[in-house]
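As provided, entry39.cif (mmCIF, C-alpha atoms) reads as follows.
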data_final
#
loop_
_atom_site.label_atom_id
_atom_site.label_comp_id
_atom_site.auth_asym_id
_atom_site.auth_seq_id
_atom_site.Cartn_x
_atom_site.Cartn_y
_atom_site.Cartn_z
CA MET A 1 0.00 0.00 0.00
CA ILE A 2 2.69 2.46 1.03
CA THR A 3 4.80 1.37 -2.00
CA LYS A 4 1.84 1.99 -4.30
CA LEU A 5 1.29 5.42 -2.76
CA ALA A 6 4.99 6.17 -3.11
CA ILE A 7 4.96 5.17 -6.78
CA ILE A 8 1.85 7.28 -7.44
CA GLY A 9 3.50 10.16 -5.57
CA VAL A 10 6.66 9.93 -7.68
CA LEU A 11 4.66 9.76 -10.92
CA PHE A 12 2.62 12.78 -9.82
CA ALA A 13 5.81 14.76 -9.11
CA VAL A 14 7.27 13.80 -12.48
CA VAL A 15 4.11 14.92 -14.27
CA GLN A 16 4.15 18.23 -12.38
CA LEU A 17 7.81 18.89 -13.11
CA SER A 18 7.49 18.15 -16.82
CA ALA A 19 4.50 20.49 -17.04
CA GLN A 20 6.81 23.36 -16.04
CA ALA A 21 8.19 25.40 -19.00
CA GLU A 22 11.54 24.15 -20.30
CA PRO A 23 14.09 26.88 -21.12
CA LYS A 24 14.31 27.02 -24.91
CA CYS A 25 16.87 29.07 -26.79
CA TRP A 26 14.49 29.56 -29.69
CA VAL A 27 10.75 29.47 -30.21
CA GLY A 28 9.77 28.62 -33.76
CA PRO A 29 6.53 29.27 -35.60
CA PRO A 30 3.65 27.70 -33.67
CA GLU A 31 1.84 24.64 -34.99
CA SER A 32 -1.37 26.63 -35.09
CA ILE A 33 -0.21 28.90 -37.90
CA SER A 34 1.16 26.18 -40.18
CA LYS A 35 -2.29 25.75 -41.66
CA LEU A 36 -2.62 29.42 -42.57
CA GLN A 37 -2.37 29.81 -46.34
CA TRP A 38 -3.02 33.47 -46.94
CA PRO A 39 -0.32 34.75 -49.36
CA ASP A 40 -2.04 35.33 -52.67
CA MET A 41 0.54 36.33 -55.25
CA ASP A 42 1.11 34.44 -58.47
CA ASP A 43 4.44 32.54 -58.59
CA GLU A 44 5.65 34.20 -61.76
CA CYS A 45 4.81 37.63 -60.39
CA ILE A 46 6.82 37.06 -57.18
CA MET A 47 9.81 35.77 -59.15
CA GLU A 48 9.82 38.89 -61.32
CA VAL A 49 9.77 41.20 -58.32
CA LYS A 50 12.43 39.23 -56.46
CA THR A 51 14.73 39.18 -59.51
CA HIS A 52 14.54 42.94 -59.71
CA ILE A 53 16.03 43.55 -56.26
CA LYS A 54 19.56 42.78 -57.38
CA ARG A 55 19.18 45.08 -60.39
CA GLU A 56 18.40 47.98 -58.10
CA LEU A 57 21.44 47.16 -55.99
CA GLN A 58 23.60 46.91 -59.09
CA ALA A 59 22.39 50.33 -60.20
CA SER A 60 23.22 51.62 -56.74
CA LEU A 61 26.76 50.26 -56.88
CA THR A 62 27.27 51.62 -60.41
CA TYR A 63 26.31 55.10 -59.20
CA LEU A 64 28.71 54.74 -56.27
CA ALA A 65 31.53 53.85 -58.67
CA MET A 66 30.54 56.81 -60.85
CA ALA A 67 30.63 59.16 -57.88
CA ALA A 68 34.10 57.88 -56.90
CA HIS A 69 35.28 58.35 -60.48
CA PHE A 70 34.03 61.92 -60.78
CA PHE A 71 35.21 63.03 -57.35
CA ASN A 72 38.71 61.98 -58.31
CA SER A 73 41.00 64.85 -59.28
CA GLU A 74 41.76 63.27 -62.61
CA ASN A 75 38.17 63.57 -63.78
CA PHE A 76 36.92 66.17 -61.35
CA ARG A 77 33.23 66.82 -62.01
CA PRO A 78 31.73 67.33 -58.55
CA GLY A 79 28.28 68.21 -59.89
CA VAL A 80 27.89 64.85 -61.61
CA ALA A 81 29.45 63.09 -58.62
CA LYS A 82 27.01 64.69 -56.18
CA PHE A 83 24.09 63.95 -58.50
CA VAL A 84 24.84 60.23 -58.86
CA LEU A 85 25.78 59.80 -55.20
CA LYS A 86 22.27 60.87 -54.28
CA HIS A 87 20.89 58.38 -56.81
CA ALA A 88 23.01 55.59 -55.29
CA GLY A 89 21.21 55.99 -51.99
CA GLU A 90 17.83 56.14 -53.75
CA GLU A 91 18.40 52.90 -55.65
CA ARG A 92 19.23 51.12 -52.41
CA GLN A 93 16.01 52.51 -50.92
CA HIS A 94 14.13 51.08 -53.90
CA ALA A 95 15.65 47.66 -53.25
CA ARG A 96 14.54 47.88 -49.63
CA MET A 97 11.04 48.95 -50.61
CA LEU A 98 10.74 45.96 -52.93
CA MET A 99 11.96 43.60 -50.21
CA ASP A 100 9.49 45.06 -47.72
CA TYR A 101 6.70 44.69 -50.25
CA ILE A 102 7.40 41.00 -50.83
CA LEU A 103 7.53 40.43 -47.08
CA MET A 104 4.27 42.29 -46.60
CA ARG A 105 2.58 40.05 -49.16
CA GLY A 106 3.71 37.04 -47.12
CA TYR A 107 6.75 35.79 -49.00
CA ASP A 108 10.37 35.53 -47.94
CA ILE A 109 13.71 36.86 -49.15
CA SER A 110 16.51 34.35 -49.62
CA LYS A 111 20.19 34.89 -50.33
CA ASP A 112 19.45 34.31 -54.03
CA GLU A 113 17.93 37.78 -54.08
CA ILE A 114 21.25 39.42 -53.23
CA PRO A 115 24.09 37.59 -55.04
CA THR A 116 27.51 39.09 -55.86
CA ILE A 117 26.88 42.61 -57.13
CA LYS A 118 29.24 44.33 -59.57
CA PRO A 119 28.92 47.87 -60.90
CA LEU A 120 28.48 48.10 -64.69
CA ALA A 121 31.81 49.95 -64.90
CA THR A 122 34.29 51.78 -62.67
CA SER A 123 35.50 54.42 -65.11
CA TRP A 124 33.92 56.62 -67.75
CA ASP A 125 35.25 58.71 -70.61
CA GLY A 126 33.74 62.03 -69.70
CA VAL A 127 30.42 63.33 -68.43
CA PHE A 128 28.44 62.61 -71.58
CA GLU A 129 29.34 58.92 -71.47
CA ALA A 130 28.47 58.75 -67.77
CA LEU A 131 25.09 60.41 -68.39
CA ASN A 132 24.53 57.88 -71.16
CA THR A 133 25.15 55.03 -68.72
CA THR A 134 22.78 56.66 -66.24
CA LEU A 135 20.12 57.02 -68.92
CA THR A 136 20.52 53.37 -69.93
CA ILE A 137 20.18 52.22 -66.32
CA GLU A 138 17.07 54.32 -65.65
CA LYS A 139 15.51 53.33 -68.95
CA ASP A 140 16.13 49.63 -68.36
CA VAL A 141 14.74 49.80 -64.84
CA ARG A 142 11.67 51.56 -66.20
CA ASP A 143 11.20 48.78 -68.75
CA TYR A 144 11.66 46.10 -66.09
CA PHE A 145 8.95 47.69 -63.96
CA LYS A 146 6.62 47.68 -66.94
CA ARG A 147 7.43 44.02 -67.48
CA ILE A 148 6.77 43.16 -63.82
CA ILE A 149 3.40 44.90 -64.02
CA PHE A 150 2.63 43.01 -67.24
CA ILE A 151 3.48 39.65 -65.66
CA CYS A 152 1.62 40.45 -62.46
CA GLU A 153 -1.48 41.39 -64.39
CA GLY A 154 -1.63 37.93 -65.95
CA GLY A 155 1.04 38.30 -68.60
CA SER A 156 0.22 36.90 -71.97
CA ASP A 157 -2.38 34.59 -70.48
CA PRO A 158 -5.60 35.47 -72.34
CA GLU A 159 -7.74 34.39 -69.40
CA HIS A 160 -5.80 36.62 -66.99
CA LYS A 161 -6.04 34.05 -64.25
CA SER A 162 -4.67 36.35 -61.63
CA VAL A 163 -4.54 40.08 -61.90
CA ASP A 164 -2.66 41.70 -59.08
CA TYR A 165 -4.00 45.22 -58.93
CA HIS A 166 -2.18 46.18 -55.79
CA ILE A 167 1.35 45.55 -57.05
CA SER A 168 0.57 47.37 -60.28
CA ASP A 169 -0.64 50.30 -58.27
CA PHE A 170 2.32 50.10 -55.88
CA LEU A 171 4.94 49.97 -58.65
CA THR A 172 3.23 52.62 -60.74
CA GLY A 173 2.82 55.04 -57.88
CA ASN A 174 6.13 54.52 -56.09
CA PHE A 175 8.52 53.64 -58.87
CA LEU A 176 7.33 54.28 -62.41
CA ASP A 177 6.66 57.92 -61.77
CA GLU A 178 10.20 58.44 -60.54
CA GLN A 179 11.63 56.47 -63.45
CA HIS A 180 9.80 58.50 -66.09
CA GLN A 181 10.82 61.77 -64.48
CA GLY A 182 14.39 60.57 -64.08
CA VAL A 183 14.69 59.54 -67.71
CA ARG A 184 13.27 62.89 -68.84
CA GLU A 185 15.66 64.80 -66.58
CA ILE A 186 18.78 62.97 -67.74
CA SER A 187 17.91 63.12 -71.41
CA GLY A 188 17.43 66.88 -71.03
CA MET A 189 20.86 67.16 -69.43
CA MET A 190 22.36 65.19 -72.30
CA THR A 191 20.80 67.59 -74.79
CA THR A 192 22.27 70.58 -73.00
CA LEU A 193 25.71 69.07 -72.66
CA GLY A 194 25.69 67.48 -76.12
CA ARG A 195 24.78 70.79 -77.71
CA ILE A 196 27.63 72.65 -75.99
CA LEU A 197 30.12 69.92 -76.80
CA ALA A 198 29.11 69.85 -80.45
CA ASN A 199 29.58 73.59 -80.80
CA THR A 200 32.72 74.24 -78.83
CA GLY A 201 36.38 73.63 -79.39
CA ASN A 202 37.20 73.30 -75.67
CA ALA A 203 35.32 70.24 -74.44
CA ALA A 204 36.85 70.18 -70.96
CA PHE A 205 35.88 73.77 -70.21
CA ALA A 206 32.35 73.22 -71.57
CA GLU A 207 31.98 70.09 -69.48
CA PHE A 208 33.20 71.93 -66.41
CA GLU A 209 30.73 74.76 -66.88
CA PHE A 210 27.88 72.28 -67.41
CA ASP A 211 28.97 70.32 -64.34
CA ARG A 212 28.75 73.49 -62.23
CA THR A 213 25.04 73.74 -63.00
CA LEU A 214 24.59 70.30 -61.43
CA LEU A 215 26.22 71.41 -58.19
CA ASP A 216 23.22 73.52 -57.26
CA HIS A 217 20.75 70.92 -58.55
CA MET B 1 84.83 52.86 -61.76
CA LYS B 2 85.51 56.13 -59.99
CA GLY B 3 84.53 57.98 -63.18
CA ILE B 4 81.16 56.14 -63.34
CA ASN B 5 80.54 56.96 -59.69
CA VAL B 6 81.17 60.63 -60.37
CA VAL B 7 78.81 60.58 -63.33
CA ALA B 8 76.16 58.72 -61.31
CA GLY B 9 76.52 61.17 -58.46
CA PHE B 10 76.16 64.08 -60.82
CA VAL B 11 73.04 62.57 -62.38
CA LEU B 12 71.52 61.95 -58.95
CA ALA B 13 72.34 65.46 -57.83
CA PHE B 14 70.79 66.80 -60.99
CA LEU B 15 67.66 64.72 -60.48
CA SER B 16 67.27 65.68 -56.84
CA THR B 17 67.40 69.40 -57.42
CA ALA B 18 64.38 71.49 -58.18
CA HIS B 19 64.81 71.16 -61.88
CA GLY B 20 64.24 67.76 -63.43
CA ASN B 21 62.75 65.90 -60.41
CA PRO B 22 60.58 63.22 -62.05
CA PHE B 23 58.27 62.99 -59.01
CA SER B 24 57.40 66.63 -58.91
CA CYS B 25 54.29 68.16 -60.47
CA TYR B 26 55.94 71.54 -60.96
CA ASP B 27 59.01 70.07 -62.62
CA ASN B 28 56.88 68.33 -65.15
CA VAL B 29 54.94 71.41 -66.08
CA GLN B 30 56.11 73.20 -69.16
CA CYS B 31 54.44 76.50 -69.88
CA VAL B 32 56.36 78.20 -72.61
CA ALA B 33 54.92 81.35 -74.08
CA GLY B 34 53.26 80.72 -77.36
CA ASN B 35 53.16 76.94 -76.80
CA ALA B 36 50.54 74.56 -75.58
CA LEU B 37 50.76 73.47 -71.95
CA ALA B 38 52.55 70.24 -71.23
CA TYR B 39 52.22 68.57 -67.86
CA ASP B 40 52.20 65.10 -66.38
CA GLN B 41 48.78 64.34 -64.84
CA ALA B 42 50.19 61.32 -63.03
CA ARG B 43 52.53 63.60 -61.05
CA CYS B 44 49.77 66.01 -60.13
CA THR B 45 47.36 63.83 -58.18
CA PRO B 46 46.38 64.52 -54.56
CA GLU B 47 48.20 61.37 -53.51
CA TRP B 48 50.43 61.80 -50.50
CA GLY B 49 51.27 59.94 -47.30
CA ALA B 50 49.93 56.43 -47.38
CA PHE B 51 48.27 56.77 -50.80
CA PRO B 52 48.46 55.02 -53.22
CA ARG B 53 50.15 52.39 -51.04
CA VAL B 54 47.04 51.51 -48.99
CA ASN B 55 44.56 51.90 -51.87
CA GLY B 56 43.99 48.14 -52.21
CA GLU B 57 43.43 47.54 -48.49
CA THR B 58 41.06 50.50 -48.27
CA ASN B 59 39.04 49.12 -51.17
CA ASP B 60 38.87 45.78 -49.32
CA LEU B 61 37.48 47.46 -46.22
CA ILE B 62 34.86 49.34 -48.25
CA GLN B 63 33.81 46.10 -49.93
CA GLN B 64 33.61 44.34 -46.58
CA GLN B 65 31.32 46.98 -45.10
CA LEU B 66 29.09 46.97 -48.16
CA LYS B 67 28.88 43.18 -47.88
CA SER B 68 27.96 43.46 -44.18
CA SER B 69 25.29 45.98 -45.15
CA PHE B 70 23.70 43.56 -47.63
CA GLU B 71 23.96 40.62 -45.23
CA TYR B 72 22.21 42.55 -42.46
CA LEU B 73 19.45 43.37 -44.94
CA LEU B 74 18.92 39.65 -45.55
CA ILE B 75 18.93 38.87 -41.82
CA ALA B 76 16.46 41.70 -41.15
CA SER B 77 14.23 40.34 -43.91
CA HIS B 78 14.09 36.97 -42.20
CA PHE B 79 12.81 38.58 -39.00
CA LYS B 80 10.21 40.48 -41.02
CA GLU B 81 8.65 37.26 -42.33
CA TRP B 82 5.16 36.83 -40.96
CA LYS B 83 5.98 33.32 -39.66
CA TYR B 84 8.83 34.63 -37.51
CA ASN B 85 7.67 38.16 -36.86
CA ARG B 86 10.35 39.77 -34.73
CA PRO B 87 9.92 43.48 -35.46
CA GLY B 88 12.51 44.52 -32.89
CA PHE B 89 15.17 42.35 -34.45
CA ALA B 90 14.13 43.43 -37.95
CA ASN B 91 14.54 47.07 -36.98
CA TYR B 92 17.85 46.50 -35.26
CA PHE B 93 19.39 44.72 -38.23
CA SER B 94 17.97 47.22 -40.71
CA LYS B 95 19.74 49.92 -38.76
CA LEU B 96 22.99 47.90 -38.75
CA SER B 97 22.63 47.66 -42.52
CA ASP B 98 22.10 51.42 -42.94
CA ASP B 99 25.02 52.26 -40.65
CA ASN B 100 27.44 49.98 -42.48
CA TRP B 101 26.31 51.40 -45.83
CA ASP B 102 26.81 54.99 -44.69
CA GLU B 103 30.23 54.20 -43.25
CA ALA B 104 31.34 52.45 -46.43
CA ILE B 105 30.40 55.51 -48.51
CA ASN B 106 32.08 57.79 -46.00
CA LEU B 107 35.29 55.81 -46.28
CA MET B 108 35.06 55.76 -50.07
CA LEU B 109 34.70 59.54 -50.22
CA HIS B 110 37.62 60.10 -47.85
CA MET B 111 39.75 57.68 -49.84
CA VAL B 112 39.02 59.64 -53.02
CA GLU B 113 39.85 62.88 -51.22
CA ARG B 114 43.23 61.38 -50.40
CA GLY B 115 43.80 60.51 -54.04
CA GLY B 116 42.68 56.90 -53.90
CA LYS B 117 40.31 55.28 -56.35
CA LEU B 118 38.04 52.27 -56.65
CA ILE B 119 39.74 49.20 -58.07
CA THR B 120 38.66 48.10 -61.53
CA ASP B 121 37.01 44.91 -60.37
CA PHE B 122 35.24 46.48 -57.42
CA LYS B 123 32.34 44.28 -56.36
CA VAL B 124 30.41 43.07 -53.34
CA ASP B 125 31.00 39.33 -53.01
CA MET B 126 27.97 37.57 -51.63
CA PRO B 127 27.46 33.82 -51.08
CA GLY B 128 25.54 32.71 -54.14
CA PRO B 129 22.73 30.19 -54.43
CA GLY B 130 25.38 27.46 -54.82
CA ASP B 131 26.75 28.12 -51.33
CA ALA B 132 25.00 25.61 -49.09
CA THR B 133 26.78 26.58 -45.88
CA THR B 134 25.72 30.19 -45.46
CA SER B 135 22.21 30.90 -44.29
CA TYR B 136 20.54 34.11 -43.25
CA GLN B 137 17.53 32.33 -41.77
CA LEU B 138 18.97 32.79 -38.31
CA LYS B 139 17.58 32.32 -34.84
CA GLU B 140 17.68 35.35 -32.56
CA ILE B 141 20.82 34.42 -30.60
CA GLU B 142 22.55 33.31 -33.81
CA ALA B 143 21.83 36.59 -35.53
CA LEU B 144 23.19 38.67 -32.64
CA SER B 145 26.32 36.55 -32.31
CA LYS B 146 26.95 36.65 -36.06
CA ALA B 147 26.59 40.45 -36.01
CA LEU B 148 29.04 40.66 -33.10
CA ASP B 149 31.61 38.61 -35.03
CA LYS B 150 31.12 40.71 -38.14
CA GLU B 151 31.50 44.01 -36.34
CA ARG B 152 34.59 42.87 -34.50
CA ARG B 153 36.11 41.67 -37.75
CA THR B 154 35.42 45.01 -39.45
CA ALA B 155 36.85 46.92 -36.50
CA THR B 156 39.99 44.77 -36.42
CA ARG B 157 40.41 45.22 -40.14
CA THR B 158 40.11 48.98 -39.71
CA LEU B 159 42.81 48.86 -37.03
CA HIS B 160 45.01 46.88 -39.37
CA LEU B 161 44.53 49.44 -42.13
CA ALA B 162 45.33 52.29 -39.74
CA HIS B 163 48.48 50.48 -38.68
CA LEU B 164 49.44 49.83 -42.27
CA ALA B 165 49.00 53.50 -43.11
CA ASN B 166 50.88 54.73 -40.08
CA HIS B 167 53.80 52.30 -39.96
CA GLY B 168 56.45 50.89 -42.20
CA GLN B 169 60.11 51.29 -43.00
CA GLY B 170 61.02 53.87 -45.56
CA VAL B 171 57.42 54.98 -46.10
CA PRO B 172 55.65 58.11 -44.87
CA HIS B 173 53.65 57.55 -41.69
CA ASP B 174 50.15 58.75 -42.42
CA ALA B 175 48.70 60.03 -39.16
CA GLU B 176 45.79 61.74 -40.98
CA PHE B 177 44.38 58.55 -42.44
CA ALA B 178 45.05 56.63 -39.24
CA ASP B 179 43.26 59.32 -37.27
CA PHE B 180 40.31 59.31 -39.66
CA LEU B 181 39.96 55.55 -39.23
CA ALA B 182 40.47 55.68 -35.46
CA GLU B 183 37.79 58.34 -35.09
CA ARG B 184 35.38 56.22 -37.08
CA LEU B 185 36.05 53.34 -34.72
CA HIS B 186 35.59 55.59 -31.72
CA LYS B 187 32.34 57.10 -32.92
CA ASN B 188 30.73 54.00 -34.37
CA SER B 189 32.31 50.63 -33.71
CA VAL B 190 33.10 50.73 -30.00
CA LEU B 191 29.55 51.11 -28.72
CA ARG B 192 28.06 48.98 -31.46
CA ILE B 193 30.25 46.04 -30.48
CA LYS B 194 29.69 46.60 -26.77
CA HIS B 195 25.91 46.70 -27.23
CA LEU B 196 25.93 43.53 -29.30
CA ALA B 197 27.94 41.69 -26.65
CA ASN B 198 25.57 43.01 -23.96
CA TYR B 199 22.55 41.79 -25.91
CA VAL B 200 24.02 38.33 -26.48
CA LYS B 201 24.60 37.98 -22.74
CA LEU B 202 21.15 39.31 -21.82
CA LEU B 203 19.36 37.10 -24.30
CA SER B 204 21.25 33.98 -23.26
CA ASP B 205 20.48 34.76 -19.60
CA ILE B 206 16.76 35.23 -19.98
CA VAL B 207 16.11 32.24 -22.24
CA SER B 208 18.16 30.00 -19.96
CA ASP B 209 16.15 30.85 -16.89
CA ALA B 210 13.99 27.83 -16.02
CA ASN B 211 11.50 30.04 -14.19
CA VAL B 212 10.82 32.18 -17.23
CA ASP B 213 8.83 31.05 -20.23
CA SER B 214 11.24 31.30 -23.21
CA ALA B 215 8.53 32.40 -25.57
CA TYR B 216 7.61 35.27 -23.29
CA ALA B 217 11.26 36.14 -22.65
CA LEU B 218 12.00 36.30 -26.38
CA PHE B 219 8.87 38.37 -26.91
CA LYS B 220 9.93 40.89 -24.25
CA PHE B 221 13.47 40.97 -25.60
CA ASP B 222 12.26 41.65 -29.13
CA THR B 223 9.65 44.26 -28.29
CA GLU B 224 11.27 46.11 -25.39
CA TYR B 225 14.89 45.35 -24.70
CA LEU B 226 16.45 45.33 -28.15
CA LYS B 227 16.86 48.92 -29.29
#

Encoding of this model in structure tokens:
Amino acid sequence: MITKLAIIGVLFAVVQLSAQAEPKCWVGPPESISKLQWPDMDDECIMEVKTHIKRELQASLTYLAMAAHFFNSENFRPGVAKFVLKHAGEERQHARMLMDYILMRGYDISKDEIPTIKPLATSWDGVFEALNTTLTIEKDVRDYFKRIIFICEGGSDPEHKSVDYHISDFLTGNFLDEQHQGVREISGMMTTLGRILANTGNAAFAEFEFDRTLLDH
Amino acid sequence: MKGINVVAGFVLAFLSTAHGNPFSCYDNVQCVAGNALAYDQARCTPEWGAFPRVNGETNDLIQQQLKSSFEYLLIASHFKEWKYNRPGFANYFSKLSDDNWDEAINLMLHMVERGGKLITDFKVDMPGPGDATTSYQLKEIEALSKALDKERRTATRTLHLAHLANHGQGVPHDAEFADFLAERLHKNSVLRIKHLANYVKLLSDIVSDANVDSAYALFKFDTEYLK
């Protein structure tokens, strides 16, 4: 009898002790949420957005390299350098906005989204060539956004199985506007500079004077 | 033999005087009335002191900080996933990313001011999809400890660069660049590393306490303690 009571007592104590919380170094996602299936984006659409992140970071790094090149005494154009340095920070912000968007829609970012990033170049032959690179980057990014919107609105699928209005709206409002304005701005600058260069004998002086206008931009 | 020595001495004396010094900007400038200007751009750069000697190492440090910046972005993104949802950690690592980015640009601009330049194959090396060993899907304690290692590595590398700039036989000792780097360390790295070490200790303490529910402890750490 006493032995039985003792055994029951020990079992009771064991049950009580194991009911106490065990110290855990990490608490993972609870079982209760594993059944939640709420993310609603189309696979192709997500892939397009995710692939674009590294392009923004590459643009950012290219602008950094451009700024370093034009701050150097050998090619000293501080107006251009200041202009593209600002853009470098903006491109990184774009990458972050895209990442935050994907996360908001319930998807994750893996290391595939940020692989080794190289700038397009680290030296340029003058301001006109650098502006040309800038124009190409902004134009390409604009076209990629249009492509992402196209894919996310069903792509070439005639039935338009899934049309994602929100991402179209998000990209149009937050990115496309800036791209269009940027492309217009840079092409205008290229006209001004190109015109002076075509009509002057002293290219370096003309470039310098044009660059000064960018300093107060 | 003696004759050659005399000639050599004369040539050296000639080279070391104001006229004809190949390392001088002024001595390579030729402005003759009526003629076009001739000068040697390579002799007229703002390079002095430790530049261009430490250009490569400085580029390495910039690349390392840019890489840290990207890696912190990936870690922050993991904590922003709805399944993990640690907004405090996400914020903290986003800030680490921003700080490293700003410091990298700061260093780049100062390097250019000193006459340095970006190397031709400048890039930010990240572990690609083929790399199976590196993961940014980190647990809380792992993320903090990884950040601590990274920051210490960057700080040590900065010290090494400062030492390289300010020491060496037969080379100018560049106190300006060493001071610039040391001040960066003082303003940014010291407290950052101390805070990370503090957080690792605090987190390990509270999740190891048998009287505290780990889930609640991690929740409090994420929402209140980690700033």

Could you write out as JSON, numbers by chain the residues that the PyMOL selection byres ((chain A) within 9 of (chain B)) matches in the shown file? {"A": [20, 21, 22, 23, 24, 25, 26, 27, 28, 29, 30, 33, 34, 61, 64, 65, 67, 68, 69, 71, 72, 73, 74, 96, 99, 100, 103, 104, 106, 107, 108, 109, 110, 111, 112, 113, 114, 115, 116, 117, 118, 119, 121, 122, 123]}

Please report the interatomic distance between atom CA of B:Ala155 and atom CA of B:Phe177 in Å with one decimal. 15.1 Å

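The space separating atom CA of A:Glu91 from atom CA of A:Leu57 comes to 6.5 Å.
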
Hits from the PyMOL selection byres ((chain A and resi 131) around 12), listed as a PyMOL selection string: chain A and resi 63+66-67+70+79-81+83-84+124-130+132-139+182-183+185-194+207+211

Could you check how far atom CA of B:His163 sits from atom CA of B:Ser24, in Å to one decimal?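 Pair atom CA of B:His163 / atom CA of B:Ser24 returns 27.4 Å.
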
Counting all atoms listed in the file, select every polymer residue within 12 Å of (22.1, 41.8, -30.8) as defined in the file's coordinates, and provide the selection as a JSON list (two decimals) with C-alpha atoms, keeping the file's coordinate frame.
[["chain", "number", "residue", "atom", "x", "y", "z"],
["B", 72, "TYR", "CA", 22.21, 42.55, -42.46],
["B", 75, "ILE", "CA", 18.93, 38.87, -41.82],
["B", 76, "ALA", "CA", 16.46, 41.70, -41.15],
["B", 88, "GLY", "CA", 12.51, 44.52, -32.89],
["B", 89, "PHE", "CA", 15.17, 42.35, -34.45],
["B", 90, "ALA", "CA", 14.13, 43.43, -37.95],
["B", 91, "ASN", "CA", 14.54, 47.07, -36.98],
["B", 92, "TYR", "CA", 17.85, 46.50, -35.26],
["B", 93, "PHE", "CA", 19.39, 44.72, -38.23],
["B", 95, "LYS", "CA", 19.74, 49.92, -38.76],
["B", 96, "LEU", "CA", 22.99, 47.90, -38.75],
["B", 139, "LYS", "CA", 17.58, 32.32, -34.84],
["B", 140, "GLU", "CA", 17.68, 35.35, -32.56],
["B", 141, "ILE", "CA", 20.82, 34.42, -30.60],
["B", 142, "GLU", "CA", 22.55, 33.31, -33.81],
["B", 143, "ALA", "CA", 21.83, 36.59, -35.53],
["B", 144, "LEU", "CA", 23.19, 38.67, -32.64],
["B", 145, "SER", "CA", 26.32, 36.55, -32.31],
["B", 146, "LYS", "CA", 26.95, 36.65, -36.06],
["B", 147, "ALA", "CA", 26.59, 40.45, -36.01],
["B", 148, "LEU", "CA", 29.04, 40.66, -33.10],
["B", 149, "ASP", "CA", 31.61, 38.61, -35.03],
["B", 150, "LYS", "CA", 31.12, 40.71, -38.14],
["B", 151, "GLU", "CA", 31.50, 44.01, -36.34],
["B", 192, "ARG", "CA", 28.06, 48.98, -31.46],
["B", 193, "ILE", "CA", 30.25, 46.04, -30.48],
["B", 194, "LYS", "CA", 29.69, 46.60, -26.77],
["B", 195, "HIS", "CA", 25.91, 46.70, -27.23],
["B", 196, "LEU", "CA", 25.93, 43.53, -29.30],
["B", 197, "ALA", "CA", 27.94, 41.69, -26.65],
["B", 198, "ASN", "CA", 25.57, 43.01, -23.96],
["B", 199, "TYR", "CA", 22.55, 41.79, -25.91],
["B", 200, "VAL", "CA", 24.02, 38.33, -26.48],
["B", 201, "LYS", "CA", 24.60, 37.98, -22.74],
["B", 202, "LEU", "CA", 21.15, 39.31, -21.82],
["B", 203, "LEU", "CA", 19.36, 37.10, -24.30],
["B", 204, "SER", "CA", 21.25, 33.98, -23.26],
["B", 221, "PHE", "CA", 13.47, 40.97, -25.60],
["B", 222, "ASP", "CA", 12.26, 41.65, -29.13],
["B", 225, "TYR", "CA", 14.89, 45.35, -24.70],
["B", 226, "LEU", "CA", 16.45, 45.33, -28.15],
["B", 227, "LYS", "CA", 16.86, 48.92, -29.29]]

Residue by residue, what does the PyMOL selection byres ((chain A and resi 174-176) around 10) grab here? Present the result as a compact mmCIF listing (two decimals) with C-alpha atoms, in the frame of the given file.
# COMPACT_ATOMS: atom_id res chain seq x y z
CA HIS A 94 14.13 51.08 -53.90
CA MET A 97 11.04 48.95 -50.61
CA LEU A 98 10.74 45.96 -52.93
CA VAL A 141 14.74 49.80 -64.84
CA ARG A 142 11.67 51.56 -66.20
CA ASP A 143 11.20 48.78 -68.75
CA TYR A 144 11.66 46.10 -66.09
CA PHE A 145 8.95 47.69 -63.96
CA LYS A 146 6.62 47.68 -66.94
CA SER A 168 0.57 47.37 -60.28
CA ASP A 169 -0.64 50.30 -58.27
CA PHE A 170 2.32 50.10 -55.88
CA LEU A 171 4.94 49.97 -58.65
CA THR A 172 3.23 52.62 -60.74
CA GLY A 173 2.82 55.04 -57.88
CA ASP A 177 6.66 57.92 -61.77
CA GLU A 178 10.20 58.44 -60.54
CA GLN A 179 11.63 56.47 -63.45
CA HIS A 180 9.80 58.50 -66.09
CA GLN A 181 10.82 61.77 -64.48
CA GLY A 182 14.39 60.57 -64.08

Could you name the residues that touch stretch 36-48 of chain A at 7 Å or less, counting all atoms listed in the file, but leaving out those on the same chain fewer than 3 positions away, as a PyMOL selection string? chain A and resi 33+51-52+105-106+148+151-152+162

For a quick check of understanding, using only C-alpha atoms, which of A:Asp157, A:Arg92, A:Asp140, A:Arg77 has the smallest distance to A:Phe205? A:Arg77
